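J.: Pasting a structure below so you can have a look.
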Amino acid sequence: MTTWDPRIYTAFSQPRLRPALGLMARIDAPAPARVVDLGCGTGNVTRILAERWPGAEVIGIDSSAEMLAAAAEGGGAVHWVLGDMGAWTADRPVDVLFSNAALHWLDGHETLFPRLACMVVPGGWLAVQMPHNHYAASHRVMAEAAEAGPWRERLRPLVARFPVGEPALYYRLLAPLAVTLDIWETEYLHVLEGDNPVVHWTMGTALRPLLAALEEPERGAYLAEYAGRIAAAYPPEADGKTLFPFRRLFMVARIR
């Protein structure tokens with residue numbers, strides 16, 4: 001994973017918070033003893049988890065030292081842990097294992113999701129939200145721009161990555177391990193302001209590994225190629241705002 005910039009990521013903190021709150025609302029756990037936020041980022045959602053369950057031990061885990069430093073500055077009754085999300089294993093069972101917009105960075109979901117479910121106590125909850133927008137123009141244009149310059153060989157493996165499966169995949173993985181399982185998708189229509197704002201959105205997330213793979217002047221040239229194509233794909237409305245549809249996949253499992 002390349003370096004995260006908390007400042008860029010939190011520029012769209014409110015629209016990024018909405019799916020986390022929607023996921024949290026579907027967890028019917030009255031008084032869990034141990035809550036883990038896997039891929040906690042800057043910790044804004046983790047602190048809300050701690051406020052909802054003040055009697056719980058709440059742990060925020062992330063692989064980015066920069067994001068965890070920002071999380072620690074925000075305070076809250078949370079234990080922050082730097083660790084590899086893909087290799088993390090609970091030292092003892094968890095009552096609520098929560099992950100918002102993080103697990104799409106990991107491959108091997110066929111083994112990852114059953115492994116995570118097995119870390120949850122019987123009757124506990126696994127709750128996950130992941131972006132499922134890889135076929136939208138915001139991501140498709142990354143591949144088009146990657147093929148449009150001398151950087152194509154370096155960027156091609158990065159834009160070919162489609163880590164999130166269809167909802168049925170996660171049903172097949174989790175249904176044998178769950179008492180109840182709820183899986184759904186929501187497409188949010190984000191109304192963004194500013195000049196070419198979809199570029200700024202993706203620079204904080206999906207575009208980040210591609211930019212990190214290049215050095216100047218190619219990095220700037222690739223970004224300009226992407227920005228020009230995105231401006232055409234997401235033109236501003238008559239009021240100057242830009243509409244950005246964004247699909248997300250949710251799942252909430254109560255473990256056997």
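Just remember, in the structure tokens the first chain shown is A, the second B, etc., residues are 1-based per chain, and ligands are 1-based in the order shown.
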Can you list, as a list of chain:residue names, every protein, DNA or RNA residue that comes within 8 Å of Ala69 (chain A) when you count only C-alpha atoms, leaving out same-chain residues fewer than 4 positions away?

T.: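 In the requested form, the answer reads A:Thr42, A:Ala65, A:Glu73.
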
J.: Quick one: everything within 10 Å of Pro114 (chain A), counting only C-alpha atoms, minus sequence neighbours fewer than 6 positions away in the same chain. Send it as an MDAnalysis selection string.

T.: chainID A and resid 170 173:177

J.: How about saving the chosen residues, N, CA and C atoms kept, as a CSV table (one decimal), in the first residue's frame?

T.:
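See result38.csv below for the written result:
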chain,number,residue,atom,x,y,z
A,170,TYR,N,-20.7,-13.2,-1.9
A,170,TYR,CA,-20.6,-13.1,-0.4
A,170,TYR,C,-21.7,-13.9,0.3
A,173,LEU,N,-20.3,-17.3,0.5
A,173,LEU,CA,-19.2,-17.4,1.5
A,173,LEU,C,-19.7,-17.4,2.9
A,174,LEU,N,-20.7,-16.5,3.2
A,174,LEU,CA,-21.1,-16.3,4.6
A,174,LEU,C,-22.3,-17.0,5.1
A,175,ALA,N,-23.2,-17.4,4.1
A,175,ALA,CA,-24.5,-18.0,4.6
A,175,ALA,C,-24.2,-19.3,5.4
A,176,PRO,N,-23.3,-20.1,5.1
A,176,PRO,CA,-23.0,-21.3,5.9
A,176,PRO,C,-22.6,-21.0,7.4
A,177,LEU,N,-22.1,-19.8,7.6
A,177,LEU,CA,-21.5,-19.4,8.9
A,177,LEU,C,-22.4,-18.5,9.6

J.: Can you list every residue in region 2-226 of chain A that DSSP puts in helix (DSSP H, G or I), as an MDAnalysis selection string?

T.: chainID A and resid 6:24 44:52 65:73 103:105 109:117 137:146 152:159 167:177 197:203 208:212 218:226

J.: Using only C-alpha atoms, determine which residues lie at most 6 Å from Ser99 (chain A), disregarding the query and same-chain residues fewer than 6 positions distant; provide the list as a PyMOL selection string.

T.: chain A and resi 37-38+128

J.: Give me the residues near Val36 (chain A) as a list in words, where near means some atom within 10 Å (using only C-alpha atoms) and where sequence neighbours in that chain fewer than 2 positions away do not count.

T.: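 So the residues in contact are Arg34, Leu38, Gly39, Cys40, Thr46, Leu49, Ala56, Glu57, Val58, Ile59, Gly60, Ile61, Val78, His79, Ala90, Val94, Asp95, Val96, Leu97, Phe98, Ser99 and Leu126 of chain A.
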
J.: Rank nothing, just name the residue among A:Leu210, A:Ala160, A:Val120, A:Ala127 nearest to Arg256 (chain A), using only C-alpha atoms.

T.: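 Answer, going by the shortest atom-to-atom distance: A:Val120.
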